[in-house]
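Asker: Below you'll find work-v1.cif; it's mmCIF, C-alpha atoms and all ligand atoms.
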```cif
data_query
loop_
_atom_site.label_atom_id
_atom_site.label_comp_id
_atom_site.auth_asym_id
_atom_site.auth_seq_id
_atom_site.Cartn_x
_atom_site.Cartn_y
_atom_site.Cartn_z
CA MET A 2 17.11 -14.07 19.44
CA LYS A 3 14.91 -16.15 17.17
CA ARG A 4 12.02 -15.12 14.93
CA PRO A 5 9.19 -14.35 15.18
CA TYR A 6 9.89 -11.09 17.01
CA SER A 7 6.42 -9.68 16.37
CA TYR A 8 2.96 -10.76 15.22
CA ILE A 9 -0.05 -9.03 13.68
CA ALA A 10 -2.45 -8.60 16.60
CA GLY A 11 -5.17 -6.62 14.81
CA THR A 12 -6.14 -5.17 11.44
CA GLY A 13 -8.50 -2.47 10.21
CA HIS A 14 -9.29 -0.36 7.19
CA ALA A 15 -11.29 2.69 6.17
CA VAL A 16 -12.18 4.13 2.79
CA PRO A 17 -14.18 7.21 1.80
CA ALA A 18 -17.90 6.59 1.25
CA LYS A 19 -17.82 7.97 -2.29
CA VAL A 20 -17.45 5.30 -5.00
CA VAL A 21 -16.21 6.32 -8.47
CA THR A 22 -16.74 3.78 -11.26
CA ASN A 23 -14.85 3.61 -14.55
CA ASP A 24 -17.94 4.99 -16.28
CA ASP A 25 -17.93 7.92 -13.84
CA ILE A 26 -14.35 8.78 -14.92
CA ALA A 27 -15.32 8.61 -18.59
CA ALA A 28 -18.31 10.84 -17.81
CA MET A 29 -15.89 13.43 -16.36
CA GLY A 30 -14.53 13.89 -19.89
CA VAL A 31 -11.44 11.63 -19.54
CA GLU A 32 -10.86 9.83 -22.86
CA THR A 33 -11.22 6.29 -21.52
CA ASN A 34 -13.81 3.58 -21.07
CA ASP A 35 -14.81 0.83 -18.66
CA ALA A 36 -13.78 -2.04 -20.98
CA TRP A 37 -10.23 -0.65 -21.48
CA ILE A 38 -9.67 -0.02 -17.76
CA GLN A 39 -10.97 -3.45 -16.74
CA GLU A 40 -8.94 -5.27 -19.41
CA ARG A 41 -5.63 -3.46 -18.72
CA THR A 42 -5.88 -3.09 -14.93
CA GLY A 43 -8.72 -5.19 -13.49
CA ILE A 44 -10.13 -2.09 -11.77
CA ARG A 45 -13.95 -1.63 -11.77
CA GLN A 46 -14.32 1.09 -9.14
CA ARG A 47 -12.44 2.95 -6.43
CA HIS A 48 -13.20 5.08 -3.34
CA ILE A 49 -12.39 8.78 -3.61
CA ALA A 50 -12.37 11.26 -0.72
CA GLU A 51 -14.50 14.37 -0.73
CA PRO A 52 -12.28 17.50 -0.83
CA GLY A 53 -12.67 18.21 2.90
CA GLU A 54 -12.19 14.58 3.97
CA SER A 55 -8.78 14.27 5.66
CA LEU A 56 -6.28 11.44 5.47
CA SER A 57 -5.98 11.75 9.22
CA SER A 58 -9.64 10.80 9.69
CA LEU A 59 -9.25 7.70 7.48
CA CYS A 60 -6.11 6.70 9.40
CA ALA A 61 -7.84 7.13 12.75
CA LYS A 62 -10.87 5.07 11.68
CA ALA A 63 -8.72 2.21 10.37
CA SER A 64 -6.49 2.35 13.46
CA LEU A 65 -9.37 2.26 15.96
CA GLN A 66 -10.64 -0.91 14.29
CA ALA A 67 -7.18 -2.52 14.35
CA MET A 68 -6.62 -1.49 18.00
CA ALA A 69 -10.04 -2.81 19.07
CA ARG A 70 -9.32 -6.16 17.40
CA ALA A 71 -5.90 -6.29 19.06
CA GLY A 72 -7.38 -5.28 22.43
CA VAL A 73 -4.91 -2.39 22.65
CA GLN A 74 -5.58 0.96 24.34
CA PRO A 75 -4.13 4.23 22.92
CA GLY A 76 -1.70 4.49 25.85
CA GLU A 77 -0.17 1.09 25.01
CA ILE A 78 1.08 2.15 21.56
CA ASP A 79 4.84 2.78 21.66
CA THR A 80 5.32 3.76 18.02
CA ILE A 81 3.11 4.95 15.17
CA ILE A 82 4.47 4.52 11.64
CA VAL A 83 2.52 5.85 8.66
CA GLY A 84 3.49 4.90 5.12
CA THR A 85 2.15 7.57 2.79
CA ALA A 86 2.97 9.59 -0.31
CA SER A 87 0.00 11.93 0.13
CA PRO A 88 0.03 13.25 3.71
CA ASP A 89 -2.44 15.92 4.82
CA HIS A 90 0.56 18.23 5.40
CA LEU A 91 4.19 18.10 4.29
CA LEU A 92 5.25 19.31 7.73
CA PRO A 93 4.91 17.83 10.30
CA SER A 94 4.34 14.14 9.63
CA GLN A 95 1.02 12.38 9.04
CA ALA A 96 1.88 10.12 11.97
CA VAL A 97 1.81 12.91 14.58
CA GLU A 98 -1.65 13.97 13.34
CA VAL A 99 -2.83 10.39 13.78
CA GLN A 100 -1.22 10.27 17.22
CA THR A 101 -3.26 13.29 18.31
CA ALA A 102 -6.46 11.95 16.78
CA LEU A 103 -6.03 8.65 18.64
CA GLY A 104 -4.67 10.06 21.91
CA CYS A 105 -1.57 7.83 21.84
CA SER A 106 0.30 10.21 24.14
CA ARG A 107 3.18 7.81 24.95
CA ALA A 108 4.04 7.09 21.31
CA ALA A 109 6.83 8.19 19.00
CA ALA A 110 5.30 8.90 15.59
CA PHE A 111 6.89 9.22 12.15
CA ASP A 112 6.24 8.65 8.45
CA VAL A 113 7.87 6.32 5.97
CA ALA A 114 8.13 7.65 2.40
CA SER A 115 8.32 4.52 0.25
CA ALA A 116 5.21 5.01 -1.91
CA CYS A 117 3.34 1.75 -2.55
CA SER A 118 5.82 -0.18 -0.38
CA GLY A 119 5.07 2.18 2.53
CA TRP A 120 3.09 -0.18 4.75
CA LEU A 121 5.46 -3.07 4.08
CA TYR A 122 8.56 -0.96 4.82
CA GLY A 123 6.77 0.36 7.94
CA ALA A 124 5.97 -3.19 9.09
CA ILE A 125 9.65 -4.15 8.69
CA VAL A 126 10.74 -1.08 10.69
CA GLY A 127 8.14 -1.89 13.36
CA ASP A 128 9.24 -5.53 13.52
CA SER A 129 12.87 -4.41 13.81
CA MET A 130 12.03 -1.97 16.62
CA ILE A 131 10.30 -4.75 18.51
CA ALA A 132 13.28 -7.06 17.88
CA SER A 133 15.70 -4.42 19.23
CA GLY A 134 13.63 -3.80 22.34
CA ALA A 135 12.81 -0.20 21.34
CA ALA A 136 9.06 -0.96 21.27
CA ASP A 137 6.56 -3.62 22.28
CA THR A 138 3.47 -2.41 20.41
CA VAL A 139 3.65 -0.65 17.05
CA LEU A 140 0.77 0.75 15.01
CA VAL A 141 1.67 0.48 11.32
CA ILE A 142 -0.59 2.34 8.90
CA GLY A 143 -0.59 2.64 5.11
CA ALA A 144 -2.76 5.54 3.96
CA GLU A 145 -3.28 7.65 0.88
CA LYS A 146 -5.42 10.45 -0.49
CA LEU A 147 -3.97 10.09 -3.98
CA SER A 148 -7.00 11.82 -5.50
CA ALA A 149 -5.43 15.07 -4.24
CA ILE A 150 -2.16 14.56 -6.14
CA VAL A 151 -3.49 13.02 -9.38
CA ASP A 152 -4.11 14.99 -12.55
CA TRP A 153 -7.77 14.20 -13.24
CA THR A 154 -7.24 14.91 -16.96
CA ASP A 155 -4.35 12.38 -17.31
CA ARG A 156 -5.81 9.03 -18.33
CA ASN A 157 -2.47 7.29 -17.70
CA THR A 158 -2.77 7.83 -13.97
CA CYS A 159 -6.24 8.99 -12.88
CA ILE A 160 -7.85 5.65 -13.70
CA LEU A 161 -5.43 3.78 -11.40
CA PHE A 162 -5.03 5.63 -8.13
CA ALA A 163 -7.45 5.89 -5.21
CA ASP A 164 -7.89 6.73 -1.54
CA GLY A 165 -8.02 4.72 1.69
CA ALA A 166 -6.21 3.63 4.84
CA GLY A 167 -5.25 0.29 6.33
CA ALA A 168 -3.88 -0.27 9.83
CA THR A 169 -2.19 -3.10 11.68
CA VAL A 170 -1.09 -3.49 15.28
CA LEU A 171 2.22 -5.34 15.69
CA ARG A 172 2.93 -6.76 19.14
CA ARG A 173 5.90 -8.55 20.65
CA ALA A 174 5.71 -12.30 19.98
CA ARG A 175 6.08 -14.30 23.17
CA GLY A 176 7.00 -17.77 22.01
CA GLY A 177 5.18 -19.91 19.48
CA GLN A 178 5.28 -19.73 15.72
CA LYS A 179 2.78 -16.93 15.05
CA GLY A 180 4.33 -13.81 13.53
CA ILE A 181 6.69 -12.33 10.94
CA MET A 182 8.98 -15.13 9.71
CA SER A 183 11.06 -13.23 7.13
CA THR A 184 11.48 -9.74 5.68
CA PHE A 185 13.06 -8.37 2.50
CA MET A 186 13.37 -4.78 1.26
CA ARG A 187 15.20 -3.11 -1.65
CA SER A 188 15.25 0.23 -3.52
CA ASP A 189 16.65 1.70 -6.73
CA GLY A 190 16.70 5.50 -6.79
CA ALA A 191 18.19 5.61 -10.29
CA LEU A 192 14.69 4.95 -11.60
CA ALA A 193 12.93 7.61 -9.52
CA GLU A 194 11.69 9.66 -12.47
CA LEU A 195 9.61 6.82 -13.91
CA LEU A 196 7.02 7.48 -11.18
CA TRP A 197 7.26 10.77 -9.32
CA ARG A 198 5.93 14.23 -8.50
CA PRO A 199 8.46 16.62 -10.05
CA ALA A 200 7.28 19.79 -8.27
CA GLY A 201 6.06 20.73 -4.83
CA GLY A 202 9.16 19.71 -2.89
CA ALA A 203 12.13 21.89 -1.90
CA ALA A 204 13.91 21.23 -5.23
CA GLU A 205 11.05 22.77 -7.19
CA PRO A 206 8.75 24.62 -4.79
CA PHE A 207 5.15 25.17 -5.76
CA THR A 208 4.66 28.57 -7.45
CA PRO A 209 1.78 30.11 -9.41
CA GLU A 210 3.62 28.97 -12.59
CA THR A 211 3.67 25.34 -11.41
CA HIS A 212 -0.10 25.22 -11.72
CA GLY A 213 -0.10 25.32 -15.52
CA THR A 214 2.69 22.77 -15.87
CA LYS A 215 0.90 20.19 -13.73
CA ARG A 216 4.31 19.12 -12.40
CA GLN A 217 2.81 18.98 -8.89
CA PHE A 218 0.86 15.85 -9.87
CA ILE A 219 1.96 12.20 -10.22
CA HIS A 220 3.82 11.55 -13.48
CA MET A 221 4.25 7.95 -14.58
CA ALA A 222 5.85 6.02 -17.46
CA GLY A 223 3.27 3.21 -17.28
CA ARG A 224 4.89 0.55 -19.47
CA GLU A 225 8.33 0.96 -17.86
CA VAL A 226 6.82 0.85 -14.38
CA PHE A 227 4.90 -2.29 -15.34
CA LYS A 228 8.08 -4.11 -16.42
CA HIS A 229 10.00 -3.19 -13.28
CA ALA A 230 7.02 -4.05 -11.06
CA VAL A 231 6.79 -7.57 -12.47
CA ARG A 232 10.56 -8.14 -12.13
CA SER A 233 10.82 -6.70 -8.61
CA MET A 234 7.74 -8.45 -7.24
CA ALA A 235 9.20 -11.73 -8.54
CA GLU A 236 12.48 -11.08 -6.72
CA ALA A 237 10.57 -10.08 -3.60
CA THR A 238 8.52 -13.28 -3.42
CA ASP A 239 11.62 -15.44 -4.03
CA ARG A 240 13.66 -13.74 -1.34
CA ALA A 241 11.03 -13.79 1.43
CA LEU A 242 10.32 -17.47 0.81
CA ASP A 243 14.05 -18.33 0.83
CA MET A 244 14.66 -16.41 4.02
CA ALA A 245 11.70 -18.07 5.76
CA ARG A 246 13.07 -21.42 4.50
CA ILE A 247 9.77 -22.35 2.92
CA THR A 248 8.56 -22.89 -0.66
CA ALA A 249 5.53 -21.65 -2.57
CA ALA A 250 3.78 -24.92 -1.69
CA ASP A 251 3.80 -23.82 1.97
CA VAL A 252 2.01 -20.52 1.21
CA ASP A 253 -1.71 -20.49 2.02
CA LEU A 254 -2.33 -16.95 0.80
CA LEU A 255 -0.45 -14.35 -1.27
CA ILE A 256 -1.48 -10.76 -0.50
CA PRO A 257 0.30 -8.61 -3.10
CA HIS A 258 0.23 -4.86 -3.62
CA GLN A 259 -2.97 -4.15 -5.53
CA ALA A 260 -1.67 -2.10 -8.47
CA ASN A 261 -2.92 -4.00 -11.45
CA VAL A 262 -4.38 -7.49 -11.82
CA ARG A 263 -1.89 -8.30 -14.62
CA ILE A 264 1.07 -7.54 -12.32
CA ILE A 265 -0.56 -9.66 -9.61
CA GLU A 266 -1.08 -12.59 -12.03
CA ALA A 267 2.53 -12.38 -13.25
CA THR A 268 3.78 -12.35 -9.63
CA ALA A 269 1.69 -15.40 -8.72
CA LYS A 270 2.81 -17.25 -11.85
CA HIS A 271 6.47 -16.57 -11.14
CA ALA A 272 6.12 -17.69 -7.52
CA GLY A 273 4.20 -20.82 -8.57
CA ILE A 274 1.15 -19.89 -6.51
CA SER A 275 -2.27 -20.58 -8.08
CA MET A 276 -4.67 -17.64 -8.34
CA ASP A 277 -7.13 -19.28 -5.92
CA LYS A 278 -4.48 -18.60 -3.23
CA VAL A 279 -4.06 -14.95 -4.21
CA PHE A 280 -6.12 -12.21 -2.59
CA VAL A 281 -7.31 -9.64 -5.13
CA ASN A 282 -9.47 -6.59 -4.39
CA VAL A 283 -8.00 -4.08 -6.87
CA ASP A 284 -11.31 -4.40 -8.76
CA ARG A 285 -13.12 -2.63 -5.88
CA PHE A 286 -10.42 -0.35 -4.46
CA GLY A 287 -8.04 0.56 -7.32
CA ASN A 288 -4.40 1.26 -6.45
CA THR A 289 -4.35 2.84 -3.00
CA SER A 290 -0.52 2.74 -2.90
CA ALA A 291 0.76 2.37 0.67
CA ALA A 292 -2.78 1.52 1.83
CA SER A 293 -3.32 -1.31 -0.61
CA ILE A 294 -1.74 -4.21 1.30
CA PRO A 295 -3.19 -3.39 4.73
CA ILE A 296 -6.63 -2.79 3.17
CA ALA A 297 -6.36 -6.16 1.37
CA LEU A 298 -5.17 -7.81 4.58
CA ASN A 299 -8.15 -6.55 6.55
CA ASP A 300 -10.53 -7.33 3.68
CA ALA A 301 -9.18 -10.91 3.65
CA VAL A 302 -9.71 -11.16 7.43
CA GLU A 303 -13.26 -9.80 7.21
CA GLN A 304 -14.18 -12.08 4.30
CA GLY A 305 -12.92 -15.08 6.27
CA VAL A 306 -10.32 -15.83 3.56
CA LEU A 307 -7.42 -15.30 5.97
CA LYS A 308 -7.64 -17.56 8.99
CA GLU A 309 -5.42 -18.03 12.01
CA GLY A 310 -2.48 -20.35 11.43
CA MET A 311 -2.21 -19.58 7.72
CA THR A 312 1.15 -18.78 6.13
CA VAL A 313 0.85 -15.51 4.22
CA LEU A 314 3.26 -14.01 1.69
CA PHE A 315 3.10 -10.21 1.20
CA ALA A 316 4.86 -8.50 -1.73
CA ALA A 317 5.00 -4.81 -2.58
CA PHE A 318 6.41 -2.57 -5.28
CA GLY A 319 6.30 1.21 -5.61
CA ALA A 320 7.80 4.51 -6.68
CA GLY A 321 11.46 4.96 -5.88
CA PHE A 322 11.61 2.25 -6.96
CA THR A 323 11.05 0.40 -3.71
CA TRP A 324 10.05 -3.23 -3.27
CA GLY A 325 9.87 -5.80 -0.53
CA SER A 326 8.16 -8.80 0.98
CA LEU A 327 7.17 -10.52 4.20
CA VAL A 328 6.26 -14.05 5.21
CA VAL A 329 3.85 -14.06 8.13
CA ARG A 330 2.35 -16.93 10.05
CA TYR A 331 -0.97 -15.30 10.86
C1 LIG B 1 -0.85 2.20 -17.14
C2 LIG B 1 -1.15 0.86 -17.80
C3 LIG B 1 -2.46 0.31 -17.29
C4 LIG B 1 -1.26 1.06 -19.30
O1 LIG B 1 -1.49 -0.19 -19.91
P1 LIG B 1 -0.62 -0.64 -21.16
O2 LIG B 1 -1.12 -1.95 -21.56
O3 LIG B 1 0.84 -0.52 -20.78
O4 LIG B 1 -1.04 0.45 -22.19
P2 LIG B 1 -0.13 1.47 -23.02
O5 LIG B 1 0.39 2.54 -22.11
O6 LIG B 1 0.84 0.68 -23.82
O7 LIG B 1 -1.23 2.09 -23.96
C5 LIG B 1 -1.93 1.32 -24.91
C6 LIG B 1 -2.88 2.22 -25.63
O8 LIG B 1 -3.97 2.60 -24.77
C7 LIG B 1 -4.04 4.02 -24.66
N1 LIG B 1 -4.44 4.37 -23.30
C8 LIG B 1 -3.66 4.70 -22.25
N2 LIG B 1 -4.40 4.94 -21.17
C9 LIG B 1 -5.69 4.76 -21.54
C10 LIG B 1 -6.91 4.85 -20.84
N3 LIG B 1 -6.98 5.16 -19.54
N4 LIG B 1 -8.05 4.57 -21.53
C11 LIG B 1 -8.01 4.23 -22.82
N5 LIG B 1 -6.87 4.15 -23.54
C12 LIG B 1 -5.72 4.39 -22.89
C13 LIG B 1 -2.66 4.50 -24.99
O9 LIG B 1 -2.69 5.84 -25.45
C14 LIG B 1 -2.25 3.54 -26.07
O10 LIG B 1 -2.83 3.91 -27.29
P3 LIG B 1 -2.04 3.69 -28.68
O11 LIG B 1 -1.83 2.22 -28.81
O12 LIG B 1 -2.99 4.27 -29.66
O13 LIG B 1 -0.76 4.45 -28.52
C15 LIG B 1 0.01 -0.16 -17.53
O14 LIG B 1 1.17 0.24 -18.20
C16 LIG B 1 0.31 -0.31 -16.09
O15 LIG B 1 -0.48 -0.80 -15.33
N6 LIG B 1 1.52 0.08 -15.65
C17 LIG B 1 1.92 -0.01 -14.29
C18 LIG B 1 1.33 1.13 -13.54
C19 LIG B 1 1.36 0.91 -12.08
O16 LIG B 1 0.98 -0.12 -11.58
N7 LIG B 1 1.80 1.95 -11.36
C20 LIG B 1 1.88 1.92 -9.96
C21 LIG B 1 3.01 1.08 -9.53
S1 LIG B 1 2.97 0.89 -7.82
#
```
So, in terms of structure tokens, how does the structure I just supplied come out?
Answerer:
Amino acid sequence: MKRPYSYIAGTGHAVPAKVVTNDDIAAMGVETNDAWIQERTGIRQRHIAEPGESLSSLCAKASLQAMARAGVQPGEIDTIIVGTASPDHLLPSQAVEVQTALGCSRAAAFDVASACSGWLYGAIVGDSMIASGAADTVLVIGAEKLSAIVDWTDRNTCILFADGAGATVLRRARGGQKGIMSTFMRSDGALAELLWRPAGGAAEPFTPETHGTKRQFIHMAGREVFKHAVRSMAEATDRALDMARITAADVDLLIPHQANVRIIEATAKHAGISMDKVFVNVDRFGNTSAASIPIALNDAVEQGVLKEGMTVLFAAFGAGFTWGSLVVRY
């Protein structure tokens, strides 16, 4: 069987209405300022959920948009995959909540826990399921409510992370060149503690004592993560291009994980792709982890930057560490 096995039939995204600027974070008493955040990260503002706003509702909104664009009814979805590190509940999965919200009664639904690579890993799983014949239509979502798991007094992390959901419908490719042309994924669990939540899982269950330690929140060694992100994103872009048997000159648009504009610039430089061919929206959305690529993808579609027939390179990096890439003829 020859690629492409699947193509992106529809995209959508949803973010909370509430916008939090860098100045707003400084006004909360965090020792930081707009100039520092913009210079080191490129972030100007991000969307943050209200306490009662569920991840499920963001997922459903993004998915309905993607399904409408793909012309797909809830009953046609065979599989729902949600990449997330901040599900509404630890048991059962986020994906089954989304299934119920959408009424996709025929679907199998499960989560992928690969942090910022979550949507990309999910898209590779979805593509593989379509290739194997296990599914024809897969809803792949990346979604986060990171505001719920961030320590809002920790300036190393609270300035970066944000909330949102992005959704894509993958459908079986039936001839032609449109679709996923190559995939690459890797992990390195030896480096897990550079970006993690120490408490709250079965190894260190949440207790009243946990509260004071703040070990239930995201802990990050920023500089170390930065170095590994640059190195891994570089490997990811190289490998996906090689496997698709194309070069950087063939890429019309790079849609990287939106963690930090300096990581994005280093990735583009390594790949030999000029910044005018790189989609950046981290300035408006911050780092929405698993949601960042599908939000950027839909933003690029809605802005008319991504047009049919374009060759798109996606590259992700996240906690784990996990990293990966895709080449897609859109
Ligand atoms: C977090 C990050 C923005 C910090 O930028 P950096 O250039 O590495 O900055 P450093 O951590 O070296 O800190 C530089 C100085 O700024 C200070 N600082 C840190 N956070 C600050 C903040 N929010 N506001 C103001 N000052 C801050 C530090 O205390 C340090 O001060 P010092 O020089 O007096 O010690 C950067 O390391 C990064 O983006 N890392 C990757 C994070 C990431 O993308 N994670 C998700 C991966 S998917």
Asker: A:Val302, A:Met221, A:Ala50, A:Ala272: which is nearest ligand LIG 1 (chain B), counting all atoms listed in the file?
Answerer: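 Under the stated criterion, the closest residue is A:Met221.
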Asker: Pick the closest to ligand LIG 1 (chain B) from A:Thr158, A:Thr22, A:Ser58, A:Thr184: which is it, counting all atoms listed in the file?
Answerer: A:Thr158
Asker: Return as JSON the box centre and box size in Å, one decimal, for an axis-aligned box around all listed atoms of ligand LIG 1 (chain B) padded by 4 Å per side.
Answerer:
```
{"center_x": -2.5, "center_y": 1.9, "center_z": -18.7, "size_x": 19.1, "size_y": 15.8, "size_z": 29.8}
```
Asker: How would you write, as a list in words, the set of residues no farther than 6 Å from ligand LIG 1 (chain B) when counting all atoms listed in the file?
Answerer: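 Final answer, ordered by chain and number: Thr33, Asn34, Trp37, Arg41, Thr42, Cys117, Arg156, Asn157, Ile160, Gly223, Arg224, Val226, Phe227, Ala260, Asn261, Phe318 and Gly319 of chain A.
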Asker: May I have the protein, DNA and RNA residues with any atom at most 10 Å from the point (-3.1, 10.0, 18.6), counting only C-alpha atoms, written as a list in words?
Answerer: Ser57, Ala61, Ser64, Pro75, Gly76, Ile78, Ile81, Ala96, Val97, Glu98, Val99, Gln100, Thr101, Ala102, Leu103, Gly104, Cys105, Ser106, Arg107, Ala108 and Ala110 of chain A
Asker: Using C-alpha atoms, can you export the residues from the last selection as a CSV table (one decimal), keeping the file's coordinate frame?
Answerer:
```
chain,number,residue,atom,x,y,z
A,57,SER,CA,-6.0,11.8,9.2
A,61,ALA,CA,-7.8,7.1,12.8
A,64,SER,CA,-6.5,2.4,13.5
A,75,PRO,CA,-4.1,4.2,22.9
A,76,GLY,CA,-1.7,4.5,25.8
A,78,ILE,CA,1.1,2.2,21.6
A,81,ILE,CA,3.1,5.0,15.2
A,96,ALA,CA,1.9,10.1,12.0
A,97,VAL,CA,1.8,12.9,14.6
A,98,GLU,CA,-1.6,14.0,13.3
A,99,VAL,CA,-2.8,10.4,13.8
A,100,GLN,CA,-1.2,10.3,17.2
A,101,THR,CA,-3.3,13.3,18.3
A,102,ALA,CA,-6.5,12.0,16.8
A,103,LEU,CA,-6.0,8.6,18.6
A,104,GLY,CA,-4.7,10.1,21.9
A,105,CYS,CA,-1.6,7.8,21.8
A,106,SER,CA,0.3,10.2,24.1
A,107,ARG,CA,3.2,7.8,25.0
A,108,ALA,CA,4.0,7.1,21.3
A,110,ALA,CA,5.3,8.9,15.6
```
Asker: Excluding region 247-250 of chain A and its own-chain neighbours fewer than 6 positions away, which residues fall within 12 Å of it when counting only C-alpha atoms? Please give them as a PDB file with C-alpha atoms, in the coordinates of the input.
Answerer:
```pdb
ATOM      1  CA  MET A 182       8.980 -15.130   9.710  1.00  0.00           C
ATOM      2  CA  SER A 183      11.060 -13.230   7.130  1.00  0.00           C
ATOM      3  CA  THR A 238       8.520 -13.280  -3.420  1.00  0.00           C
ATOM      4  CA  ASP A 239      11.620 -15.440  -4.030  1.00  0.00           C
ATOM      5  CA  ARG A 240      13.660 -13.740  -1.340  1.00  0.00           C
ATOM      6  CA  ALA A 241      11.030 -13.790   1.430  1.00  0.00           C
ATOM      7  CA  THR A 268       3.780 -12.350  -9.630  1.00  0.00           C
ATOM      8  CA  ALA A 269       1.690 -15.400  -8.720  1.00  0.00           C
ATOM      9  CA  LYS A 270       2.810 -17.250 -11.850  1.00  0.00           C
ATOM     10  CA  HIS A 271       6.470 -16.570 -11.140  1.00  0.00           C
ATOM     11  CA  ALA A 272       6.120 -17.690  -7.520  1.00  0.00           C
ATOM     12  CA  GLY A 273       4.200 -20.820  -8.570  1.00  0.00           C
ATOM     13  CA  ILE A 274       1.150 -19.890  -6.510  1.00  0.00           C
ATOM     14  CA  SER A 275      -2.270 -20.580  -8.080  1.00  0.00           C
ATOM     15  CA  LYS A 278      -4.480 -18.600  -3.230  1.00  0.00           C
ATOM     16  CA  VAL A 279      -4.060 -14.950  -4.210  1.00  0.00           C
ATOM     17  CA  THR A 312       1.150 -18.780   6.130  1.00  0.00           C
ATOM     18  CA  VAL A 313       0.850 -15.510   4.220  1.00  0.00           C
ATOM     19  CA  LEU A 314       3.260 -14.010   1.690  1.00  0.00           C
ATOM     20  CA  VAL A 328       6.260 -14.050   5.210  1.00  0.00           C
ATOM     21  CA  VAL A 329       3.850 -14.060   8.130  1.00  0.00           C
ATOM     22  CA  ARG A 330       2.350 -16.930  10.050  1.00  0.00           C
TER      23      ARG A 330
END
```
